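Engineer: So here's work-v1.txt, just compact mmCIF, C-alpha atoms:
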```txt
# COMPACT_ATOMS: atom_id res chain seq x y z
CA MET Y 1 125.87 99.82 63.01
CA GLU Y 2 124.41 100.66 59.65
CA ILE Y 3 121.40 102.90 60.09
CA THR Y 4 118.34 101.33 58.48
CA ALA Y 5 114.61 101.51 59.12
CA ALA Y 6 114.71 98.00 60.61
CA GLY Y 7 117.67 98.90 62.84
CA LEU Y 8 115.97 102.05 64.09
CA GLN Y 9 112.82 100.08 64.84
CA ALA Y 10 114.86 97.64 66.94
CA LEU Y 11 116.49 100.54 68.80
CA ARG Y 12 113.09 102.10 69.47
CA VAL Y 13 111.77 98.86 70.91
CA GLY Y 14 114.84 98.55 73.14
CA PHE Y 15 114.69 102.14 74.36
CA LYS Y 16 110.99 101.81 75.12
CA LYS Y 17 111.66 98.61 77.08
CA HIS Y 18 114.23 100.40 79.24
CA PHE Y 19 111.74 103.25 79.73
CA GLU Y 20 109.04 100.82 80.86
CA ASN Y 21 111.46 99.11 83.26
CA GLY Y 22 112.21 102.47 84.90
CA LEU Y 23 108.54 103.33 84.96
CA GLY Y 24 107.79 100.12 86.85
CA GLN Y 25 110.45 100.86 89.47
CA ALA Y 26 109.20 104.36 90.26
CA SER Y 27 107.52 105.16 93.57
CA SER Y 28 103.73 105.29 93.49
CA ASP Y 29 102.54 106.37 96.94
CA TRP Y 30 100.49 109.32 95.70
CA SER Y 31 97.21 107.36 95.67
CA SER Y 32 97.40 107.06 99.47
CA VAL Y 33 96.62 110.75 99.85
CA ALA Y 34 95.13 111.75 96.49
CA THR Y 35 92.03 110.83 94.50
CA GLU Y 36 92.47 110.66 90.74
CA VAL Y 37 89.80 112.52 88.77
CA PRO Y 38 89.76 112.08 84.96
CA SER Y 39 89.39 115.30 83.01
CA MET Y 40 88.46 116.11 79.43
CA THR Y 41 89.06 119.87 79.66
CA LYS Y 42 92.07 122.11 80.21
CA GLU Y 43 90.46 123.51 83.36
CA GLN Y 44 87.91 121.72 85.51
CA LYS Y 45 85.76 123.40 88.14
CA TYR Y 46 85.09 121.81 91.54
CA GLY Y 47 82.15 123.92 92.69
CA TRP Y 48 80.75 120.99 94.65
CA LEU Y 49 83.57 121.17 97.18
CA GLY Y 50 82.46 122.63 100.47
CA LYS Y 51 79.63 120.37 101.56
CA PHE Y 52 79.54 116.74 102.64
CA PRO Y 53 76.24 115.07 101.60
CA ASN Y 54 74.33 113.95 104.69
CA VAL Y 55 71.74 111.19 105.08
CA ARG Y 56 68.53 112.33 106.84
CA GLU Y 57 65.34 110.66 107.99
CA TRP Y 58 62.81 110.72 105.14
CA ILE Y 59 59.92 112.77 106.47
CA GLY Y 60 57.79 114.49 103.85
CA PRO Y 61 59.31 115.35 100.46
CA ARG Y 62 62.94 114.63 99.69
CA ALA Y 63 65.29 117.41 100.79
CA ILE Y 64 67.56 118.04 97.82
CA GLN Y 65 71.06 118.71 99.07
CA ASN Y 66 72.32 121.40 96.74
CA LEU Y 67 76.07 121.35 96.97
CA SER Y 68 77.71 124.59 98.04
CA GLN Y 69 79.10 126.47 95.07
CA HIS Y 70 82.72 127.63 95.13
CA ASP Y 71 84.80 129.13 92.37
CA TYR Y 72 87.56 126.54 92.68
CA SER Y 73 89.15 124.97 89.63
CA ILE Y 74 92.25 123.03 88.63
CA ALA Y 75 93.97 123.81 85.33
CA GLU Y 76 95.93 121.03 83.68
CA LYS Y 77 99.70 121.27 83.25
CA PRO Y 78 101.76 119.66 80.49
CA TRP Y 79 104.88 117.67 81.39
CA GLU Y 80 107.68 116.33 79.21
CA LEU Y 81 111.11 114.74 79.33
CA THR Y 82 113.16 114.26 76.16
CA ILE Y 83 116.42 112.47 75.28
CA GLY Y 84 118.43 113.00 72.11
CA VAL Y 85 120.52 110.16 70.66
CA ASP Y 86 123.42 111.28 68.46
CA ARG Y 87 123.59 109.63 65.05
CA ASP Y 88 127.32 109.13 65.52
CA ASP Y 89 126.66 107.04 68.63
CA ILE Y 90 124.38 104.74 66.64
CA GLU Y 91 126.80 104.39 63.73
CA THR Y 92 129.70 103.56 66.09
CA ASP Y 93 127.62 101.29 68.35
CA ASN Y 94 128.29 103.61 71.30
CA LEU Y 95 124.88 102.93 72.86
CA GLY Y 96 125.72 101.53 76.28
CA ILE Y 97 125.10 104.79 78.12
CA TYR Y 98 121.59 105.12 76.73
CA ALA Y 99 120.11 102.11 78.53
CA PRO Y 100 120.36 103.69 82.03
CA MET Y 101 119.32 107.07 80.58
CA PHE Y 102 116.08 105.63 79.24
CA GLN Y 103 115.53 103.75 82.48
CA GLU Y 104 115.91 107.05 84.34
CA LEU Y 105 113.50 108.61 81.85
CA GLY Y 106 110.94 106.04 82.97
CA ALA Y 107 111.74 106.45 86.67
CA SER Y 108 111.51 110.24 86.50
CA THR Y 109 108.19 110.29 84.65
CA GLY Y 110 106.85 107.49 86.85
CA SER Y 111 107.54 109.40 90.04
CA LYS Y 112 106.20 112.74 88.78
CA LYS Y 113 102.77 112.20 90.37
CA ASP Y 114 104.46 111.53 93.72
CA THR Y 115 106.61 114.65 93.51
CA LEU Y 116 103.59 116.73 92.50
CA VAL Y 117 101.22 115.34 95.15
CA PHE Y 118 103.63 115.33 98.10
CA GLY Y 119 106.30 117.93 97.32
CA ASP Y 120 104.38 120.52 95.32
CA THR Y 121 100.92 120.26 96.85
CA LEU Y 122 100.62 118.60 100.29
CA LYS Y 123 103.88 120.13 101.56
CA LYS Y 124 102.85 123.58 100.31
CA GLY Y 125 99.32 123.32 101.69
CA PHE Y 126 100.23 125.74 104.49
CA ASP Y 127 100.43 128.50 101.85
CA LEU Y 128 98.31 127.41 98.86
CA GLY Y 129 94.58 128.18 98.92
CA CYS Y 130 91.74 125.66 98.75
CA TYR Y 131 88.05 125.94 97.84
CA ASP Y 132 87.07 128.25 100.74
CA GLY Y 133 89.77 130.79 99.91
CA GLN Y 134 91.90 129.90 102.95
CA PRO Y 135 95.22 128.05 102.87
CA PHE Y 136 94.49 124.32 102.84
CA PHE Y 137 96.12 123.95 106.27
CA ASP Y 138 94.76 126.87 108.23
CA THR Y 139 93.51 127.90 111.67
CA ASP Y 140 90.31 129.63 110.55
CA HIS Y 141 88.35 127.70 107.96
CA PRO Y 142 84.75 129.03 107.99
CA VAL Y 143 82.04 126.54 109.08
CA LEU Y 144 78.42 126.99 110.23
CA ASP Y 145 77.64 125.99 113.81
CA GLU Y 146 74.39 124.42 115.07
CA ALA Y 147 72.65 127.79 114.99
CA GLY Y 148 73.84 128.63 111.49
CA ASN Y 149 76.47 131.13 112.62
CA VAL Y 150 79.89 131.23 110.99
CA ILE Y 151 82.68 129.91 113.21
CA THR Y 152 86.27 128.97 112.36
CA VAL Y 153 87.91 125.55 112.53
CA ALA Y 154 91.60 124.64 112.37
CA ASN Y 155 93.31 121.74 110.63
CA THR Y 156 96.81 122.80 111.64
CA ASP Y 157 98.72 123.89 114.73
CA GLY Y 158 101.40 125.76 112.80
CA GLY Y 159 105.07 125.45 113.65
CA THR Y 160 108.38 125.91 111.84
CA GLU Y 161 109.89 122.42 111.65
CA ALA Y 162 109.66 119.64 109.05
CA PRO Y 163 105.99 119.05 108.14
CA TRP Y 164 104.03 115.91 108.94
CA PHE Y 165 100.44 115.02 108.18
CA LEU Y 166 97.67 112.90 109.65
CA ILE Y 167 95.10 111.85 107.05
CA ASP Y 168 91.91 109.85 106.62
CA ASP Y 169 92.81 107.68 103.61
CA THR Y 170 89.63 105.57 103.75
CA ARG Y 171 87.19 107.94 102.05
CA ALA Y 172 86.32 108.17 98.36
CA LEU Y 173 87.71 111.70 98.17
CA LYS Y 174 91.13 112.09 99.75
CA PRO Y 175 92.70 115.43 100.74
CA ILE Y 176 94.45 115.92 97.38
CA ILE Y 177 92.86 115.78 93.93
CA LEU Y 178 95.01 114.54 91.05
CA GLN Y 179 93.31 115.71 87.87
CA ARG Y 180 94.46 113.53 84.95
CA ARG Y 181 94.03 114.38 81.29
CA LYS Y 182 96.74 112.08 79.89
CA ASP Y 183 99.34 109.79 81.47
CA PHE Y 184 102.94 109.69 80.28
CA GLU Y 185 103.39 108.08 76.87
CA PHE Y 186 106.62 107.14 75.12
CA THR Y 187 107.03 109.15 71.91
CA ASN Y 188 109.69 109.40 69.23
CA MET Y 189 111.00 111.38 66.26
CA ASP Y 190 113.47 108.86 64.86
CA ASN Y 191 112.71 108.50 61.18
CA LEU Y 192 115.55 109.22 58.78
CA THR Y 193 113.37 111.87 57.17
CA ASP Y 194 112.58 113.75 60.40
CA GLN Y 195 113.93 117.32 60.44
CA ASN Y 196 115.85 116.83 63.69
CA VAL Y 197 117.77 113.95 62.09
CA PHE Y 198 118.53 115.92 58.93
CA MET Y 199 119.46 119.19 60.63
CA ASN Y 200 121.09 118.00 63.88
CA LYS Y 201 121.84 114.29 63.24
CA GLU Y 202 119.85 113.59 66.38
CA PHE Y 203 117.17 110.97 67.01
CA ILE Y 204 114.69 112.17 69.63
CA TYR Y 205 112.77 110.11 72.20
CA GLY Y 206 110.70 111.22 75.14
CA ALA Y 207 107.53 111.06 77.19
CA ASP Y 208 104.79 113.59 77.84
CA ALA Y 209 101.65 113.86 79.95
CA ARG Y 210 99.01 116.31 81.11
CA PHE Y 211 97.80 116.39 84.71
CA ASN Y 212 97.79 118.61 87.78
CA THR Y 213 96.86 118.59 91.44
CA GLY Y 214 94.65 120.61 93.76
CA PHE Y 215 92.93 120.31 97.11
CA GLY Y 216 89.80 118.43 98.16
CA PHE Y 217 88.19 118.62 101.60
CA TRP Y 218 90.52 120.21 104.17
CA GLN Y 219 88.62 118.33 106.92
CA MET Y 220 90.31 115.08 105.79
CA SER Y 221 93.81 116.09 106.85
CA TRP Y 222 95.75 117.66 109.69
CA GLY Y 223 99.05 119.32 108.80
CA SER Y 224 101.66 120.28 111.35
CA LYS Y 225 105.13 121.80 111.50
CA GLN Y 226 105.37 121.24 115.24
CA PRO Y 227 107.79 118.60 116.55
CA LEU Y 228 106.40 115.12 115.98
CA THR Y 229 105.84 114.10 119.58
CA ALA Y 230 103.25 111.83 121.17
CA ALA Y 231 101.48 114.90 122.58
CA ASN Y 232 101.26 116.64 119.21
CA TYR Y 233 100.21 113.40 117.52
CA ALA Y 234 97.44 113.02 120.11
CA LYS Y 235 96.32 116.61 119.48
CA ALA Y 236 96.14 115.94 115.74
CA ARG Y 237 94.13 112.74 116.24
CA ALA Y 238 91.64 114.46 118.52
CA ALA Y 239 91.19 117.38 116.14
CA LEU Y 240 90.74 115.19 113.07
CA SER Y 241 88.36 112.76 114.78
CA GLY Y 242 86.28 115.65 116.07
CA MET Y 243 85.85 117.40 112.72
CA LYS Y 244 82.30 118.64 112.11
CA GLY Y 245 80.57 119.93 109.02
CA ASP Y 246 78.01 122.68 108.76
CA HIS Y 247 75.40 122.81 111.54
CA GLY Y 248 77.58 120.79 113.91
CA ARG Y 249 77.27 117.48 112.03
CA PRO Y 250 80.07 115.01 112.92
CA LEU Y 251 81.91 113.94 109.77
CA GLY Y 252 83.24 110.61 111.01
CA ILE Y 253 86.83 111.39 109.97
CA ARG Y 254 89.31 108.71 111.01
CA PRO Y 255 93.04 109.45 111.42
CA THR Y 256 94.35 106.38 109.61
CA LEU Y 257 97.58 107.47 107.88
CA LEU Y 258 100.61 109.36 109.20
CA VAL Y 259 102.70 110.88 106.40
CA VAL Y 260 106.24 112.04 107.16
CA GLY Y 261 109.48 112.92 105.44
CA PRO Y 262 112.87 111.31 106.19
CA SER Y 263 113.70 113.67 109.07
CA ASN Y 264 110.59 112.57 111.00
CA GLU Y 265 110.90 108.84 110.31
CA SER Y 266 112.45 107.95 113.67
CA ALA Y 267 109.90 109.93 115.69
CA ALA Y 268 107.03 108.46 113.69
CA ARG Y 269 108.23 104.88 114.17
CA LYS Y 270 108.56 105.41 117.91
CA ILE Y 271 105.00 106.72 118.16
CA LEU Y 272 103.42 104.02 116.01
CA ASN Y 273 105.63 100.97 116.66
CA SER Y 274 107.19 101.15 120.12
CA GLU Y 275 105.73 99.05 122.93
CA ASN Y 276 106.58 101.68 125.53
CA ALA Y 277 106.51 105.47 125.62
CA ALA Y 278 109.46 107.65 126.57
CA GLY Y 279 108.73 107.34 130.30
CA GLY Y 280 108.50 103.55 130.21
CA GLU Y 281 104.70 103.42 130.34
CA THR Y 282 102.70 101.54 127.72
CA ASN Y 283 102.62 103.37 124.40
CA GLU Y 284 98.91 104.00 123.83
CA TRP Y 285 99.48 105.13 120.23
CA LYS Y 286 101.09 101.95 118.95
CA GLY Y 287 99.37 100.76 115.77
CA THR Y 288 96.86 103.61 115.71
CA ALA Y 289 97.75 104.61 112.13
CA LYS Y 290 99.67 103.37 109.11
CA LEU Y 291 103.00 105.05 108.37
CA LEU Y 292 104.01 106.48 105.00
CA ILE Y 293 107.53 107.83 104.63
CA THR Y 294 108.08 109.80 101.45
CA PRO Y 295 111.32 111.43 100.25
CA TRP Y 296 109.35 114.20 98.54
CA LEU Y 297 108.73 115.91 101.91
CA ALA Y 298 112.48 116.35 102.51
```
The structure given in the file should be rewritten as structure tokens.
Structural biologist:
Amino acid sequence: MEITAAGLQALRVGFKKHFENGLGQASSDWSSVATEVPSMTKEQKYGWLGKFPNVREWIGPRAIQNLSQHDYSIAEKPWELTIGVDRDDIETDNLGIYAPMFQELGASTGSKKDTLVFGDTLKKGFDLGCYDGQPFFDTDHPVLDEAGNVITVANTDGGTEAPWFLIDDTRALKPIILQRRKDFEFTNMDNLTDQNVFMNKEFIYGADARFNTGFGFWQMSWGSKQPLTAANYAKARAALSGMKGDHGRPLGIRPTLLVVGPSNESAARKILNSENAAGGETNEWKGTAKLLITPWLA
């Protein structure tokens, strides 16, 4: 085709349409375990993490609940994906391959939040630190007991197998924080006067964004690398339901979502869907949580 401004505009519209189609087909499970927090700075501090506000009987003056201060922050990260279209391919109408490429551009950018939340954050929570300086999934998070003494609380039972997670997904702040500065936007350098066209005979299209993830309250999630059995699932439910804040205050955490990777899908379905347990008795755990299977835990 003859390369004109009008022709390039039509190509741009078509490429963007394929990008948007791929974007719409991408997985978007991240919001089940992460709370999105808008950000206007490159690094945002979350000093308020560490204390759940607690309603008290109003006797005398109001008791101002100063939130515990922690030096925990999340720095934004930039992301990009770029495709170059050769001028020769436009002039010879060799454009068929670009439609699936731009659709994959949309699918890849659309699933980036999922890969970041599940694969790069939740899965690595056994090693990455949270607001209290401990790994997010740890056996000795510091908490104050009824007498004000420091004790330790676990939200993991360790293990070496494929990880699975039990989460309270009903609260305003979920276990993971997704800090968003800018979502992916389709961009282009495809004017005939652009340097890349003059120097390399290449029209450039892409998408870029700025966001990152970090950890919220560790009390909202139980992480395990033990085998996913009914006994271990029961242990996780009991631990999560019994979570207490400072001074022995029950937090009311509810184990409502079981998150697994492909290798634990069968075990998870048996625990949550089967009428009977392995020994033939009634399965007491049927329907006790929703199931989320994500490929990013593979």
Engineer: Distance cut-off 8 Å, centre (88.6, 104.9, 108.8) in file coordinates, counting all atoms listed in the file: which residues qualify? Return them as an NGL selection string.
Structural biologist: :Y and (168-171 or 253-256)
Engineer: Produce a file of the selected residues containing C-alpha atoms, as a compact mmCIF listing (two decimals), keeping the file's coordinate frame.
Structural biologist:
```txt
# COMPACT_ATOMS: atom_id res chain seq x y z
CA ASP Y 168 91.91 109.85 106.62
CA ASP Y 169 92.81 107.68 103.61
CA THR Y 170 89.63 105.57 103.75
CA ARG Y 171 87.19 107.94 102.05
CA ILE Y 253 86.83 111.39 109.97
CA ARG Y 254 89.31 108.71 111.01
CA PRO Y 255 93.04 109.45 111.42
CA THR Y 256 94.35 106.38 109.61
```
Engineer: Write out as a list of chain:residue names each polymer residue whose atoms come within 6 Å of Leu178 in chain Y, counting all atoms listed in the file; drop sequence neighbours fewer than 5 positions from it.
Structural biologist: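 Returned residues: Y:Thr35, Y:Glu36, Y:Asn212, Y:Thr213.
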Engineer: Would you give me, as a Markdown table, each residue of range 170-237 of chain Y having an atom within 12 Å of an atom of range 142-153 of chain Y, along with its shortest atom pair and that distance in Å to one decimal, using all atoms listed in the file and sorting by chain and residue number?
Structural biologist:
```
| residue | atom | partner | partner_atom | distance |
| --- | --- | --- | --- | --- |
| Y:Trp218 | CA | Y:Val153 | CA | 10.3 |
| Y:Gln219 | CA | Y:Val153 | CA | 9.2 |
| Y:Trp222 | CA | Y:Val153 | CA | 11.5 |
```
Engineer: Would you pick out the contacts of Asp190 in chain Y at 10 Å or less, using only C-alpha atoms, so that residues sharing its chain but fewer than 6 positions from it are not included, and give the list as a PDB file with C-alpha atoms, in the coordinates of the input?
Structural biologist:
```pdb
ATOM      1  CA  ALA Y   5     114.610 101.510  59.120  1.00  0.00           C
ATOM      2  CA  LEU Y   8     115.970 102.050  64.090  1.00  0.00           C
ATOM      3  CA  GLN Y   9     112.820 100.080  64.840  1.00  0.00           C
ATOM      4  CA  LEU Y  11     116.490 100.540  68.800  1.00  0.00           C
ATOM      5  CA  ARG Y  12     113.090 102.100  69.470  1.00  0.00           C
ATOM      6  CA  GLY Y  84     118.430 113.000  72.110  1.00  0.00           C
ATOM      7  CA  VAL Y  85     120.520 110.160  70.660  1.00  0.00           C
ATOM      8  CA  ASN Y 196     115.850 116.830  63.690  1.00  0.00           C
ATOM      9  CA  VAL Y 197     117.770 113.950  62.090  1.00  0.00           C
ATOM     10  CA  GLU Y 202     119.850 113.590  66.380  1.00  0.00           C
ATOM     11  CA  PHE Y 203     117.170 110.970  67.010  1.00  0.00           C
ATOM     12  CA  ILE Y 204     114.690 112.170  69.630  1.00  0.00           C
ATOM     13  CA  TYR Y 205     112.770 110.110  72.200  1.00  0.00           C
TER      14      TYR Y 205
END
```
Engineer: From the set Y:Pro175, Y:Gly96, Y:Pro38, Y:Pro163, which residue has the shortest atom-to-atom contact distance to Thr294 in chain Y, counting only C-alpha atoms?
Structural biologist: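 The closest residue to Thr294 in chain Y is Y:Pro163.
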Engineer: Using all atoms listed in the file, which residues sit within 12 Å of Ile293 in chain Y once same-chain residues fewer than 6 positions away are excluded, as a list of chain:residue names?
Structural biologist: Y:Ser27, Y:Asp29, Y:Trp30, Y:Ser32, Y:Asp114, Y:Phe118, Y:Pro163, Y:Trp164, Y:Phe165, Y:Leu257, Y:Leu258, Y:Val259, Y:Val260, Y:Gly261, Y:Pro262, Y:Ser263, Y:Asn264, Y:Glu265, Y:Ser266, Y:Ala267, Y:Ala268, Y:Arg269
Engineer: Skip Thr156 in chain Y itself and residues of its chain fewer than 2 positions away, then list as JSON, numbers by chain all residues within 7 Å of it, counting all atoms listed in the file.
Structural biologist: {"Y": [137, 138, 139, 154, 158, 222, 223, 224]}
Engineer: Between CA of Pro295 in chain Y and CA of Asp120 in chain Y, what is the distance in Å, rounded to a tenth?
Structural biologist: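 Computed distance, CA of Pro295 in chain Y to CA of Asp120 in chain Y, equals 12.5 Å.
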Engineer: Please provide as a list of chain:residue names all residues within 7 Å of Gly125 in chain Y, with the sequence filter that same-chain residues fewer than 4 positions apart are discarded (counting all atoms listed in the file).
Structural biologist: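 Selected residues are Y:Thr121, Y:Pro135, Y:Phe136, Y:Phe137.
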Engineer: So, counting only C-alpha atoms, which residue among Y:Leu228, Y:Ala75, Y:Leu297, Y:Ile90 is closest to Gly159 in chain Y?
Structural biologist: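 Smallest separation from Gly159 in chain Y among the options: Y:Leu228.
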Engineer: Figure out the distance between CA of Leu192 in chain Y and CA of Glu80 in chain Y, please, to one decimal in Å.
Structural biologist: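 Between CA of Glu80 in chain Y and CA of Leu192 in chain Y the gap is 23.0 Å.
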Engineer: Which distance in Å separates CA of Glu76 in chain Y and CA of Gly106 in chain Y, to one decimal?
Structural biologist: 21.2 Å
Engineer: From the list Y:Lys244, Y:Thr41, Y:Thr82, Y:Lys225, which residue is nearest Lys124 in chain Y when using all atoms listed in the file?
Structural biologist: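 Going through Y:Lys244, Y:Thr41, Y:Thr82, Y:Lys225 one by one, the smallest distance to Lys124 in chain Y is for Y:Lys225.
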